[in-house]
Amino acid sequence: MAKKVKKSDFISTGQVAVNRRATFDYAIEETFIAGIELKGTEVKSLRLGKANLSDTYGSYENGELFIENLKIEEYSNRGYESHDASRKKKLLLTRHEINKIIGAISKKGYSLIAKKLFFDTHGRAKLELGLGKGKKLYDKRESIKERDINRKLKEY
């Protein structure tokens with residue numbers, strides 16, 4: 001039998017998941033906030049905080065943007081309706097933003113990466129996306145060095 005879920009367990013607004021590796025592995029040049037086309041059981045699972053943003057990336061098909069590898073666990077009290085845990089999800093953006101992102105992705109080296117998944121003040125699921133280039137090893141070493149320096153400055 002499925003675990004009983006209390007209403008207090010649900011996230012109404014605020015952060016659901018964060019991709020910490022995004023800013024470490026990529027030099028983010030521009031950010032966008034997009035809505036996501038979800039099914040009912042996916043929304044309920046997100047409200048319980050069961051999402052994983054690692055290895056997510058954006059792709060385009062027929063002039064539309066999709067997010068791939070966004071893993072949302074199945075909702076335990078789903079009944080007969082279910083969803084695929086890692087299906088492609090359509091991103092909801094304006095046409096101007098879509099054209100800008102598609103133009104940048106088609107350039108060599110640029111990627112669309114999911115940074116944060118959250119519920120806005122109206123209770124809608126939103127995804128913060130970053131458009132950037134992958135960092136080289138020496139860039140990662142510099143960011144580690146900067147992080148260590150900032151930690152030492154906070155101690156004093």
# chains A, B, ... in the order shown; residues from 1 in each chain; ligands from 1

call {"tool": "residues_around", "arguments": {"residues": "Arg95 of chain A", "least_positions_apart": "6", "cutoff": "12 Å", "atoms": "only C-alpha atoms", "output": "PyMOL selection string"}}
result
chain A and resi 34+63-65+101-102

call {"tool": "residues_around", "arguments": {"residues": "segment 107-110 of chain A", "least_positions_apart": "4", "cutoff": "12 Å", "atoms": "only C-alpha atoms", "output": "list in words"}}
result
Tyr26, Ala27, Ile28, Glu29, Glu30, Tyr57, Gly58, Ser59, Lys100, Ile101, Ile102, Gly103, Gly130, Leu131, Gly132, Lys133, Gly134, Lys135 and Lys136 of chain A

call {"tool": "closest_residue", "arguments": {"among": "A:Thr94, A:Arg141, A:Glu61, A:Leu48", "to": "Glu73 of chain A", "atoms": "only C-alpha atoms"}}
result
A:Leu48

call {"tool": "residues_around", "arguments": {"residues": "Leu129 of chain A", "least_positions_apart": "5", "cutoff": "12 Å", "atoms": "only C-alpha atoms", "output": "VMD selection string"}}
result
chain A and resid 18 to 19 22 to 23 26 28 to 36 53 56 to 58 65 to 67 91 to 93 97 101 111 to 118

call {"tool": "atom_distance", "arguments": {"atom1": "atom CA of Ile11 of chain A", "atom2": "atom CA of Gly49 of chain A"}}
result
7.1 Å

call {"tool": "select_by_dssp", "arguments": {"residues": "segment 25-141 of chain A", "states": "alpha helix (DSSP H)", "output": "list of chain:residue names"}}
result
A:Asp25, A:Gly40, A:Thr41, A:Glu42, A:Val43, A:Lys44, A:Ser45, A:Leu46, A:Arg47, A:Arg95, A:His96, A:Glu97, A:Ile98, A:Asn99, A:Lys100, A:Ile101, A:Ile102, A:Gly103, A:Ala104, A:Ile105, A:Ser106, A:Leu137, A:Tyr138, A:Asp139, A:Lys140, A:Arg141

call {"tool": "closest_residue", "arguments": {"among": "A:Arg20, A:Lys145, A:Lys90, A:Arg151", "to": "Lys126 of chain A", "atoms": "only C-alpha atoms"}}
result
A:Lys90

call {"tool": "closest_residue", "arguments": {"among": "A:Glu128, A:Asn150, A:Tyr60, A:His122", "to": "Ala104 of chain A", "atoms": "only C-alpha atoms"}}
result
A:Tyr60

call {"tool": "select_by_dssp", "arguments": {"residues": "segment 4-70 of chain A", "states": "strand (DSSP E or B)", "output": "list in words"}}
result
Gly14, Gln15, Val16, Ala17, Val18, Tyr26, Ala27, Ile28, Glu29, Glu30, Thr31, Phe32, Ile33, Ala34, Gly35, Ile36, Ala51, Asn52, Tyr57, Gly58, Ser59, Tyr60, Glu61, Glu64, Leu65, Phe66, Ile67 and Glu68 of chain A

call {"tool": "write_last_selection", "arguments": {"atoms": "N, CA, C and O atoms", "output": "tab-separated table (two decimals), in the first residue's frame"}}
result
chain	number	residue	atom	x	y	z
A	14	GLY	N	8.28	27.93	-3.79
A	14	GLY	CA	9.67	27.81	-3.40
A	14	GLY	C	10.42	26.78	-4.21
A	14	GLY	O	9.92	26.21	-5.17
A	15	GLN	N	11.64	26.53	-3.80
A	15	GLN	CA	12.59	25.71	-4.52
A	15	GLN	C	12.30	24.22	-4.37
A	15	GLN	O	12.03	23.74	-3.29
A	16	VAL	N	12.38	23.49	-5.50
A	16	VAL	CA	12.20	22.04	-5.49
A	16	VAL	C	13.54	21.34	-5.65
A	16	VAL	O	13.86	20.45	-4.89
A	17	ALA	N	14.32	21.76	-6.66
A	17	ALA	CA	15.61	21.12	-6.93
A	17	ALA	C	16.59	22.14	-7.51
A	17	ALA	O	16.18	23.09	-8.18
A	18	VAL	N	17.89	21.91	-7.26
A	18	VAL	CA	18.95	22.79	-7.75
A	18	VAL	C	20.03	21.95	-8.39
A	18	VAL	O	20.37	20.88	-7.89
A	26	TYR	N	29.78	24.92	-16.38
A	26	TYR	CA	29.47	25.81	-17.50
A	26	TYR	C	29.65	27.26	-17.11
A	26	TYR	O	29.36	27.64	-15.98
A	27	ALA	N	30.10	28.06	-18.06
A	27	ALA	CA	30.17	29.50	-17.89
A	27	ALA	C	28.85	30.06	-18.40
A	27	ALA	O	28.64	30.21	-19.60
A	28	ILE	N	27.92	30.33	-17.49
A	28	ILE	CA	26.58	30.77	-17.84
A	28	ILE	C	26.62	32.24	-18.25
A	28	ILE	O	27.06	33.10	-17.49
A	29	GLU	N	26.14	32.53	-19.46
A	29	GLU	CA	26.14	33.89	-19.97
A	29	GLU	C	24.79	34.56	-19.83
A	29	GLU	O	24.72	35.77	-19.67
A	30	GLU	N	23.72	33.79	-19.93
A	30	GLU	CA	22.38	34.37	-19.86
A	30	GLU	C	21.43	33.36	-19.21
A	30	GLU	O	21.58	32.16	-19.38
A	31	THR	N	20.47	33.87	-18.44
A	31	THR	CA	19.50	32.99	-17.79
A	31	THR	C	18.09	33.31	-18.28
A	31	THR	O	17.78	34.46	-18.64
A	32	PHE	N	17.26	32.29	-18.28
A	32	PHE	CA	15.86	32.41	-18.68
A	32	PHE	C	15.01	31.66	-17.66
A	32	PHE	O	15.47	30.69	-17.06
A	33	ILE	N	13.78	32.09	-17.49
A	33	ILE	CA	12.83	31.37	-16.65
A	33	ILE	C	11.70	30.90	-17.55
A	33	ILE	O	11.07	31.70	-18.23
A	34	ALA	N	11.48	29.59	-17.55
A	34	ALA	CA	10.50	28.99	-18.44
A	34	ALA	C	9.50	28.15	-17.65
A	34	ALA	O	9.83	27.57	-16.63
A	35	GLY	N	8.29	28.09	-18.18
A	35	GLY	CA	7.30	27.16	-17.65
A	35	GLY	C	7.57	25.79	-18.25
A	35	GLY	O	8.29	25.65	-19.23
A	36	ILE	N	6.97	24.75	-17.67
A	36	ILE	CA	7.16	23.39	-18.16
A	36	ILE	C	5.79	22.77	-18.36
A	36	ILE	O	4.89	22.95	-17.55
A	51	ALA	N	12.50	15.46	-7.49
A	51	ALA	CA	13.02	15.77	-8.83
A	51	ALA	C	14.55	15.77	-8.77
A	51	ALA	O	15.14	16.04	-7.74
A	52	ASN	N	15.16	15.50	-9.93
A	52	ASN	CA	16.61	15.46	-10.03
A	52	ASN	C	17.02	16.21	-11.30
A	52	ASN	O	16.60	15.85	-12.39
A	57	TYR	N	19.57	18.86	-19.93
A	57	TYR	CA	19.99	19.76	-20.99
A	57	TYR	C	18.79	20.07	-21.89
A	57	TYR	O	17.80	19.34	-21.90
A	58	GLY	N	18.91	21.15	-22.64
A	58	GLY	CA	17.85	21.56	-23.53
A	58	GLY	C	18.14	21.15	-24.96
A	58	GLY	O	19.29	21.09	-25.39
A	59	SER	N	17.09	20.85	-25.70
A	59	SER	CA	17.21	20.52	-27.13
A	59	SER	C	16.06	21.19	-27.86
A	59	SER	O	15.09	21.62	-27.24
A	60	TYR	N	16.18	21.25	-29.19
A	60	TYR	CA	15.08	21.83	-29.97
A	60	TYR	C	14.68	20.90	-31.09
A	60	TYR	O	15.47	20.14	-31.62
A	61	GLU	N	13.38	20.96	-31.42
A	61	GLU	CA	12.78	20.12	-32.43
A	61	GLU	C	11.61	20.88	-33.03
A	61	GLU	O	10.73	21.32	-32.29
A	64	GLU	N	10.57	24.18	-31.40
A	64	GLU	CA	10.16	24.16	-30.00
A	64	GLU	C	11.32	23.67	-29.15
A	64	GLU	O	12.14	22.87	-29.59
A	65	LEU	N	11.37	24.14	-27.91
A	65	LEU	CA	12.43	23.73	-26.99
A	65	LEU	C	11.91	22.67	-26.02
A	65	LEU	O	10.77	22.75	-25.55
A	66	PHE	N	12.77	21.70	-25.73
A	66	PHE	CA	12.44	20.62	-24.80
A	66	PHE	C	13.57	20.49	-23.78
A	66	PHE	O	14.72	20.78	-24.09
A	67	ILE	N	13.23	20.03	-22.59
A	67	ILE	CA	14.23	19.70	-21.59
A	67	ILE	C	14.29	18.18	-21.48
A	67	ILE	O	13.26	17.53	-21.42
A	68	GLU	N	15.50	17.66	-21.52
A	68	GLU	CA	15.68	16.21	-21.49
A	68	GLU	C	16.42	15.79	-20.23
A	68	GLU	O	17.20	16.56	-19.69

call {"tool": "closest_residue", "arguments": {"among": "A:Lys89, A:Phe10, A:Arg124, A:Tyr156", "to": "Glu37 of chain A", "atoms": "only C-alpha atoms"}}
result
A:Lys89
